[in-house]
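Engineer: Please find target.txt (compact mmCIF, N, CA and C atoms) on the next line:
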```
# COMPACT_ATOMS: atom_id res chain seq x y z
N MET A 1 65.28 300.94 206.74
CA MET A 1 64.70 300.11 205.71
C MET A 1 65.72 299.03 205.34
N SER A 2 65.26 297.81 205.19
CA SER A 2 66.16 296.71 204.84
C SER A 2 66.41 296.68 203.33
N TYR A 3 67.44 295.96 202.96
CA TYR A 3 67.78 295.84 201.53
C TYR A 3 66.67 295.11 200.78
N VAL A 4 66.10 294.09 201.40
CA VAL A 4 65.02 293.33 200.76
C VAL A 4 63.84 294.25 200.48
N GLY A 5 63.61 295.22 201.36
CA GLY A 5 62.52 296.16 201.16
C GLY A 5 62.72 297.06 199.95
N LEU A 6 63.96 297.23 199.51
CA LEU A 6 64.24 298.04 198.32
C LEU A 6 63.98 297.29 197.03
N LEU A 7 63.96 295.98 197.09
CA LEU A 7 63.74 295.17 195.88
C LEU A 7 62.25 295.00 195.65
N THR A 8 61.61 296.08 195.23
CA THR A 8 60.15 296.09 195.09
C THR A 8 59.66 295.60 193.74
N GLN A 9 60.56 295.48 192.78
CA GLN A 9 60.17 295.03 191.45
C GLN A 9 60.29 293.51 191.34
N ARG A 10 59.64 292.93 190.35
CA ARG A 10 59.69 291.49 190.12
C ARG A 10 60.04 291.23 188.67
N CYS A 11 60.72 290.09 188.43
CA CYS A 11 61.09 289.74 187.06
C CYS A 11 61.05 288.23 186.87
N ASP A 12 60.95 287.85 185.62
CA ASP A 12 61.12 286.46 185.20
C ASP A 12 62.49 286.35 184.56
N VAL A 13 63.23 285.29 184.89
CA VAL A 13 64.55 285.07 184.30
C VAL A 13 64.37 284.09 183.14
N LEU A 14 64.82 284.51 181.95
CA LEU A 14 64.71 283.67 180.76
C LEU A 14 66.11 283.25 180.33
N ARG A 15 66.24 282.00 179.93
CA ARG A 15 67.54 281.47 179.50
C ARG A 15 67.35 280.80 178.14
N LEU A 16 68.36 280.94 177.28
CA LEU A 16 68.30 280.37 175.94
C LEU A 16 68.41 278.85 176.03
N ASN A 17 67.45 278.18 175.41
CA ASN A 17 67.41 276.72 175.42
C ASN A 17 67.59 276.21 173.99
N ALA A 18 68.57 275.35 173.81
CA ALA A 18 68.81 274.75 172.50
C ALA A 18 68.21 273.36 172.48
N SER A 19 67.52 273.04 171.41
CA SER A 19 66.95 271.70 171.26
C SER A 19 67.12 271.24 169.81
N ASN A 20 66.94 269.97 169.61
CA ASN A 20 67.08 269.37 168.29
C ASN A 20 65.69 269.03 167.77
N THR A 21 65.30 269.67 166.68
CA THR A 21 64.01 269.42 166.07
C THR A 21 64.22 268.89 164.67
N ASP A 22 63.95 267.61 164.46
CA ASP A 22 64.12 266.97 163.16
C ASP A 22 65.52 267.18 162.59
N GLY A 23 66.51 267.13 163.44
CA GLY A 23 67.89 267.24 163.00
C GLY A 23 68.42 268.66 162.88
N ALA A 24 67.57 269.64 163.14
CA ALA A 24 68.00 271.03 163.05
C ALA A 24 67.96 271.66 164.44
N ALA A 25 68.92 272.50 164.71
CA ALA A 25 68.96 273.18 166.00
C ALA A 25 67.82 274.18 166.10
N SER A 26 67.18 274.19 167.25
CA SER A 26 66.09 275.12 167.50
C SER A 26 66.37 275.82 168.83
N TYR A 27 66.23 277.13 168.84
CA TYR A 27 66.54 277.92 170.03
C TYR A 27 65.29 278.67 170.48
N SER A 28 65.10 278.69 171.78
CA SER A 28 63.97 279.45 172.34
C SER A 28 64.33 279.91 173.75
N TRP A 29 63.68 280.98 174.18
CA TRP A 29 63.88 281.49 175.52
C TRP A 29 62.86 280.86 176.44
N VAL A 30 63.32 280.23 177.50
CA VAL A 30 62.43 279.58 178.46
C VAL A 30 62.59 280.24 179.82
N VAL A 31 61.50 280.29 180.57
CA VAL A 31 61.53 280.87 181.91
C VAL A 31 62.12 279.85 182.86
N VAL A 32 63.23 280.22 183.53
CA VAL A 32 63.86 279.32 184.50
C VAL A 32 63.52 279.71 185.93
N ALA A 33 63.08 280.94 186.14
CA ALA A 33 62.65 281.38 187.46
C ALA A 33 61.67 282.53 187.27
N SER A 34 60.67 282.60 188.12
CA SER A 34 59.69 283.67 188.00
C SER A 34 59.50 284.37 189.33
N SER A 35 59.03 285.57 189.26
CA SER A 35 58.77 286.42 190.42
C SER A 35 60.00 286.60 191.30
N ILE A 36 61.14 286.86 190.66
CA ILE A 36 62.40 287.11 191.37
C ILE A 36 62.43 288.57 191.81
N ARG A 37 62.82 288.80 193.04
CA ARG A 37 62.96 290.18 193.54
C ARG A 37 64.13 290.86 192.82
N VAL A 38 63.90 292.07 192.35
CA VAL A 38 64.93 292.81 191.62
C VAL A 38 64.69 294.30 191.80
N ARG A 39 65.73 295.06 191.63
CA ARG A 39 65.63 296.51 191.57
C ARG A 39 66.39 296.93 190.33
N THR A 40 65.70 297.50 189.36
CA THR A 40 66.36 297.97 188.15
C THR A 40 66.45 299.48 188.23
N ASP A 41 67.65 299.99 188.08
CA ASP A 41 67.88 301.42 188.09
C ASP A 41 68.38 301.81 186.70
N LEU A 42 67.49 302.38 185.90
CA LEU A 42 67.83 302.72 184.53
C LEU A 42 68.48 304.09 184.41
N SER A 43 68.70 304.75 185.53
CA SER A 43 69.40 306.03 185.50
C SER A 43 70.81 305.92 186.08
N TYR A 44 71.17 304.73 186.55
CA TYR A 44 72.49 304.54 187.17
C TYR A 44 73.33 303.60 186.31
N ILE A 45 74.48 304.09 185.88
CA ILE A 45 75.46 303.27 185.17
C ILE A 45 76.72 303.28 186.01
N ARG A 46 77.17 302.12 186.41
CA ARG A 46 78.36 302.03 187.25
C ARG A 46 79.57 302.56 186.50
N PRO A 47 80.55 303.11 187.21
CA PRO A 47 81.73 303.69 186.53
C PRO A 47 82.50 302.68 185.67
N THR A 48 82.42 301.40 186.00
CA THR A 48 83.16 300.40 185.23
C THR A 48 82.42 299.92 183.99
N ASP A 49 81.15 300.27 183.85
CA ASP A 49 80.35 299.84 182.70
C ASP A 49 80.57 300.78 181.52
N PRO A 50 80.64 300.22 180.29
CA PRO A 50 80.77 301.12 179.13
C PRO A 50 79.49 301.92 178.93
N ASN A 51 79.64 303.16 178.57
CA ASN A 51 78.50 304.03 178.33
C ASN A 51 78.54 304.48 176.89
N LEU A 52 77.81 303.79 176.05
CA LEU A 52 77.76 304.14 174.64
C LEU A 52 76.64 305.15 174.44
N GLY A 53 76.99 306.28 173.90
CA GLY A 53 76.02 307.36 173.74
C GLY A 53 75.06 307.11 172.57
N TRP A 54 74.09 307.98 172.45
CA TRP A 54 73.10 307.89 171.40
C TRP A 54 73.73 308.30 170.08
N ILE A 55 73.46 307.53 169.04
CA ILE A 55 74.00 307.82 167.71
C ILE A 55 72.85 308.34 166.85
N PRO A 56 72.83 309.61 166.50
CA PRO A 56 71.71 310.17 165.74
C PRO A 56 71.50 309.49 164.40
N GLU A 57 72.59 309.00 163.78
CA GLU A 57 72.47 308.37 162.47
C GLU A 57 71.70 307.06 162.53
N ALA A 58 71.54 306.48 163.69
CA ALA A 58 70.84 305.21 163.81
C ALA A 58 69.35 305.35 163.52
N GLY A 59 68.81 306.55 163.70
CA GLY A 59 67.42 306.79 163.38
C GLY A 59 66.44 306.29 164.42
N ARG A 60 66.91 305.94 165.58
CA ARG A 60 66.01 305.50 166.65
C ARG A 60 66.65 305.88 167.98
N PRO A 61 65.85 305.96 169.03
CA PRO A 61 66.42 306.32 170.33
C PRO A 61 67.31 305.21 170.88
N ASP A 62 68.19 305.58 171.76
CA ASP A 62 69.11 304.65 172.40
C ASP A 62 68.34 303.67 173.28
N ASP A 63 68.82 302.44 173.33
CA ASP A 63 68.22 301.45 174.23
C ASP A 63 68.46 301.87 175.67
N ARG A 64 67.53 301.51 176.53
CA ARG A 64 67.70 301.83 177.94
C ARG A 64 68.75 300.90 178.54
N VAL A 65 69.65 301.47 179.29
CA VAL A 65 70.68 300.69 179.99
C VAL A 65 70.67 301.11 181.45
N GLY A 66 71.17 300.23 182.29
CA GLY A 66 71.21 300.53 183.71
C GLY A 66 71.83 299.40 184.49
N THR A 67 71.45 299.31 185.75
CA THR A 67 71.98 298.31 186.65
C THR A 67 70.83 297.59 187.32
N ALA A 68 70.95 296.28 187.47
CA ALA A 68 69.97 295.48 188.18
C ALA A 68 70.60 294.95 189.46
N PHE A 69 69.84 294.98 190.52
CA PHE A 69 70.29 294.51 191.83
C PHE A 69 69.45 293.31 192.24
N PHE A 70 70.10 292.22 192.64
CA PHE A 70 69.43 290.98 193.01
C PHE A 70 69.87 290.54 194.40
N LEU A 71 69.08 289.67 195.00
CA LEU A 71 69.50 289.00 196.23
C LEU A 71 70.61 288.01 195.89
N PRO A 72 71.42 287.60 196.86
CA PRO A 72 72.55 286.71 196.57
C PRO A 72 72.14 285.34 196.02
N ASP A 73 70.93 284.88 196.33
CA ASP A 73 70.51 283.56 195.86
C ASP A 73 69.74 283.59 194.54
N ALA A 74 69.75 284.73 193.85
CA ALA A 74 69.02 284.84 192.58
C ALA A 74 69.65 283.94 191.52
N ILE A 75 68.79 283.29 190.76
CA ILE A 75 69.24 282.39 189.69
C ILE A 75 69.37 283.21 188.42
N VAL A 76 70.48 283.90 188.28
CA VAL A 76 70.71 284.73 187.11
C VAL A 76 72.17 284.59 186.70
N ARG A 77 72.39 284.56 185.37
CA ARG A 77 73.73 284.42 184.82
C ARG A 77 73.91 285.43 183.69
N PRO A 78 75.15 285.75 183.35
CA PRO A 78 75.38 286.62 182.20
C PRO A 78 74.79 285.99 180.93
N GLY A 79 74.16 286.79 180.11
CA GLY A 79 73.52 286.29 178.89
C GLY A 79 72.05 285.99 179.08
N ASP A 80 71.58 285.88 180.33
CA ASP A 80 70.16 285.67 180.59
C ASP A 80 69.40 286.94 180.25
N ARG A 81 68.10 286.80 180.09
CA ARG A 81 67.23 287.95 179.93
C ARG A 81 66.31 288.01 181.13
N ILE A 82 66.00 289.22 181.55
CA ILE A 82 65.02 289.40 182.60
C ILE A 82 63.84 290.18 182.02
N ARG A 83 62.65 289.65 182.23
CA ARG A 83 61.43 290.32 181.78
C ARG A 83 60.76 290.88 183.03
N ILE A 84 60.70 292.20 183.11
CA ILE A 84 60.16 292.85 184.28
C ILE A 84 58.64 292.69 184.28
N THR A 85 58.11 292.12 185.35
CA THR A 85 56.67 291.93 185.47
C THR A 85 56.03 292.95 186.38
N ARG A 86 56.83 293.54 187.27
CA ARG A 86 56.34 294.62 188.13
C ARG A 86 57.46 295.65 188.25
N GLY A 87 57.24 296.81 187.70
CA GLY A 87 58.27 297.85 187.67
C GLY A 87 58.34 298.43 186.27
N PRO A 88 59.51 298.96 185.85
CA PRO A 88 59.62 299.52 184.49
C PRO A 88 59.53 298.39 183.46
N THR A 89 58.47 298.38 182.68
CA THR A 89 58.24 297.28 181.77
C THR A 89 59.33 297.18 180.73
N GLY A 90 59.59 295.97 180.31
CA GLY A 90 60.58 295.73 179.28
C GLY A 90 61.32 294.43 179.52
N THR A 91 62.09 294.04 178.52
CA THR A 91 62.94 292.87 178.61
C THR A 91 64.38 293.36 178.48
N PHE A 92 65.22 292.90 179.39
CA PHE A 92 66.60 293.36 179.45
C PHE A 92 67.53 292.16 179.43
N GLU A 93 68.69 292.35 178.81
CA GLU A 93 69.71 291.30 178.78
C GLU A 93 70.77 291.62 179.82
N VAL A 94 71.18 290.59 180.56
CA VAL A 94 72.24 290.74 181.55
C VAL A 94 73.56 290.70 180.80
N LYS A 95 74.31 291.79 180.88
CA LYS A 95 75.56 291.92 180.14
C LYS A 95 76.75 291.80 181.08
N GLY A 96 77.87 291.36 180.53
CA GLY A 96 79.10 291.30 181.31
C GLY A 96 79.02 290.27 182.43
N SER A 97 79.80 290.51 183.45
CA SER A 97 79.82 289.56 184.57
C SER A 97 78.96 290.10 185.71
N LEU A 98 78.56 289.20 186.58
CA LEU A 98 77.81 289.59 187.78
C LEU A 98 78.81 290.03 188.84
N ASP A 99 78.54 291.13 189.48
CA ASP A 99 79.40 291.62 190.55
C ASP A 99 78.79 291.23 191.88
N THR A 100 79.58 290.56 192.71
CA THR A 100 79.14 290.16 194.04
C THR A 100 79.62 291.22 195.02
N VAL A 101 78.70 291.77 195.77
CA VAL A 101 79.03 292.80 196.74
C VAL A 101 79.04 292.16 198.12
N ILE A 102 80.17 292.31 198.80
CA ILE A 102 80.34 291.70 200.12
C ILE A 102 79.87 292.69 201.19
N GLY A 103 79.12 292.19 202.16
CA GLY A 103 78.61 293.02 203.25
C GLY A 103 79.64 293.20 204.35
N ARG A 104 79.25 293.86 205.42
CA ARG A 104 80.16 294.14 206.53
C ARG A 104 80.62 292.89 207.26
N GLN A 105 79.80 291.89 207.31
CA GLN A 105 80.12 290.67 208.05
C GLN A 105 80.90 289.66 207.21
N GLY A 106 81.21 289.99 205.97
CA GLY A 106 82.00 289.10 205.13
C GLY A 106 81.17 288.17 204.27
N TYR A 107 79.87 288.27 204.30
CA TYR A 107 79.00 287.43 203.47
C TYR A 107 78.54 288.23 202.25
N THR A 108 78.01 287.53 201.26
CA THR A 108 77.51 288.19 200.05
C THR A 108 76.25 288.97 200.38
N HIS A 109 76.30 290.27 200.16
CA HIS A 109 75.16 291.13 200.47
C HIS A 109 74.15 291.15 199.33
N HIS A 110 74.64 291.35 198.10
CA HIS A 110 73.77 291.34 196.93
C HIS A 110 74.60 291.17 195.67
N ILE A 111 73.89 291.02 194.56
CA ILE A 111 74.52 290.86 193.24
C ILE A 111 74.07 292.02 192.37
N GLU A 112 75.01 292.57 191.60
CA GLU A 112 74.71 293.64 190.65
C GLU A 112 75.07 293.19 189.25
N ALA A 113 74.33 293.69 188.27
CA ALA A 113 74.63 293.35 186.88
C ALA A 113 74.24 294.52 185.99
N ARG A 114 75.00 294.68 184.92
CA ARG A 114 74.66 295.67 183.90
C ARG A 114 73.57 295.08 183.03
N ILE A 115 72.56 295.87 182.70
CA ILE A 115 71.48 295.39 181.85
C ILE A 115 71.29 296.35 180.68
N GLU A 116 70.89 295.78 179.55
CA GLU A 116 70.56 296.56 178.36
C GLU A 116 69.22 296.09 177.83
N GLU A 117 68.41 297.03 177.41
CA GLU A 117 67.08 296.69 176.90
C GLU A 117 67.22 295.91 175.59
N VAL A 118 66.38 294.92 175.43
CA VAL A 118 66.32 294.12 174.21
C VAL A 118 65.31 294.77 173.27
N ALA A 119 65.62 294.80 171.99
CA ALA A 119 64.69 295.39 171.02
C ALA A 119 63.32 294.77 171.16
N LYS A 120 62.29 295.55 170.98
CA LYS A 120 60.91 295.10 171.24
C LYS A 120 60.55 293.84 170.46
N ALA A 121 60.89 293.77 169.18
CA ALA A 121 60.54 292.58 168.40
C ALA A 121 61.26 291.34 168.93
N LEU A 122 62.49 291.50 169.43
CA LEU A 122 63.23 290.36 169.97
C LEU A 122 62.78 290.04 171.38
N GLY A 123 62.38 291.03 172.15
CA GLY A 123 61.98 290.80 173.53
C GLY A 123 60.66 290.07 173.65
N ASP A 124 59.80 290.14 172.63
CA ASP A 124 58.51 289.48 172.68
C ASP A 124 58.62 287.98 172.50
N SER A 125 59.71 287.50 171.92
CA SER A 125 59.82 286.08 171.65
C SER A 125 60.24 285.29 172.85
```
What is this file in structure tokens?
Structural biologist:
Amino acid sequence: MSYVGLLTQRCDVLRLNASNTDGAASYSWVVVASSIRVRTDLSYIRPTDPNLGWIPEAGRPDDRVGTAFFLPDAIVRPGDRIRITRGPTGTFEVKGSLDTVIGRQGYTHHIEARIEEVAKALGDS
């Protein structure tokens, strides 16, 4: 099975856009790419990623965290949000830096990133 065959999920990449509306700054999330191939693994946390446990005093369950895998040409940057359109539903923020994984031939094989679920009220906007 090829690596592309493993990227069965799809996502939209959203980026924060700042604009000036009547002299006041206005921010909104805009879609910069859609139907991007992705594989989100919400049960895998890389050893280098921080793993913050569930805090019972918070009164709500822990946000879902995991790793997202992209093709090398994916238009994604740290701080972007990905909205999963096919796969585990939700909106996730790309945290930290993107890790480039080099293949056997010396070229970029794929990109990995740590993702954290965005709160539902914030993810809808």
Engineer: Nearest to Arg15 (chain A): which of A:Asp80, A:Gly106, A:Phe69, A:Thr40 is it, counting all atoms listed in the file?
Structural biologist: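 Distance minimum relative to Arg15 (chain A) lands on A:Asp80.
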Engineer: Just the residues within 6 Å of region 6-12 of chain A, please, counting all atoms listed in the file, with nothing from its chain fewer than 3 positions along; format it as number ranges by chain.
Structural biologist: A: 2-3, 33-39, 81-87
Engineer: Which of these residues is nearest to Val65 (chain A), using all atoms listed in the file: A:Arg77, A:Thr89, A:Gln105, A:Leu42?
Structural biologist: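 The answer is A:Leu42, which sits nearest to Val65 (chain A).
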Engineer: If I take CA of Leu71 (chain A) and atom C of Ser28 (chain A), how far is one from the other in Å, to one decimal?
Structural biologist: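 The value is 24.8 Å.
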Engineer: So that I can see what lies close to region 107-112 of chain A, please list as a list in words the residues with an atom at most 6 Å from it, counting all atoms listed in the file and leaving out residues fewer than 2 positions away in the same chain.
Structural biologist: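 After dropping sequence-adjacent residues, the list is Ala68, Phe69, Phe70, Leu71, Pro72, Leu98, Asp99, Thr100, Val101, Ile102, Gly103, Arg104, Gln105 and Arg114 of chain A.
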Engineer: Which value, in Å to one decimal, gives the distance between atom N of Asp41 (chain A) and CA of Thr67 (chain A)?
Structural biologist: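 One can read the atom N of Asp41 (chain A) to CA of Thr67 (chain A) distance as 4.9 Å.
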Engineer: Under the rule that only N, CA and C atoms are counted, which of A:Val13, A:Ala119, A:Thr91, A:Ala74 is the nearest residue to Trp29 (chain A)?
Structural biologist: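 Closest to Trp29 (chain A), using only N, CA and C atoms: A:Val13.
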Engineer: Quick one: everything within 6 Å of Ile115 (chain A), counting all atoms listed in the file, minus sequence neighbours fewer than 2 positions away in the same chain. Send it as a PyMOL selection string.
Structural biologist: chain A and resi 64-68+92-95+113+117
Engineer: Save out the residues we just selected, N, CA and C atoms, as a compact mmCIF listing (two decimals), in the frame of the given file.
Structural biologist:
```
# COMPACT_ATOMS: atom_id res chain seq x y z
N ARG A 64 67.53 301.51 176.53
CA ARG A 64 67.70 301.83 177.94
C ARG A 64 68.75 300.90 178.54
N VAL A 65 69.65 301.47 179.29
CA VAL A 65 70.68 300.69 179.99
C VAL A 65 70.67 301.11 181.45
N GLY A 66 71.17 300.23 182.29
CA GLY A 66 71.21 300.53 183.71
C GLY A 66 71.83 299.40 184.49
N THR A 67 71.45 299.31 185.75
CA THR A 67 71.98 298.31 186.65
C THR A 67 70.83 297.59 187.32
N ALA A 68 70.95 296.28 187.47
CA ALA A 68 69.97 295.48 188.18
C ALA A 68 70.60 294.95 189.46
N PHE A 92 65.22 292.90 179.39
CA PHE A 92 66.60 293.36 179.45
C PHE A 92 67.53 292.16 179.43
N GLU A 93 68.69 292.35 178.81
CA GLU A 93 69.71 291.30 178.78
C GLU A 93 70.77 291.62 179.82
N VAL A 94 71.18 290.59 180.56
CA VAL A 94 72.24 290.74 181.55
C VAL A 94 73.56 290.70 180.80
N LYS A 95 74.31 291.79 180.88
CA LYS A 95 75.56 291.92 180.14
C LYS A 95 76.75 291.80 181.08
N ALA A 113 74.33 293.69 188.27
CA ALA A 113 74.63 293.35 186.88
C ALA A 113 74.24 294.52 185.99
N GLU A 117 68.41 297.03 177.41
CA GLU A 117 67.08 296.69 176.90
C GLU A 117 67.22 295.91 175.59
```
Engineer: Of the candidates A:Ala18, A:Val4, A:Gly90, A:Gly96, which one gets nearest to Val118 (chain A) if we count only N, CA and C atoms?
Structural biologist: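 Smallest separation from Val118 (chain A) among the options: A:Gly90.
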Engineer: Which distance in Å separates atom N of Gly79 (chain A) and atom N of Ser19 (chain A), to one decimal?
Structural biologist: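 Distance between the two atoms: 17.6 Å.
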Engineer: Which residues in chain A does DSSP call alpha helix (DSSP H)? List them as a VMD selection string.
Structural biologist: chain A and resid 3 to 6 120 to 123
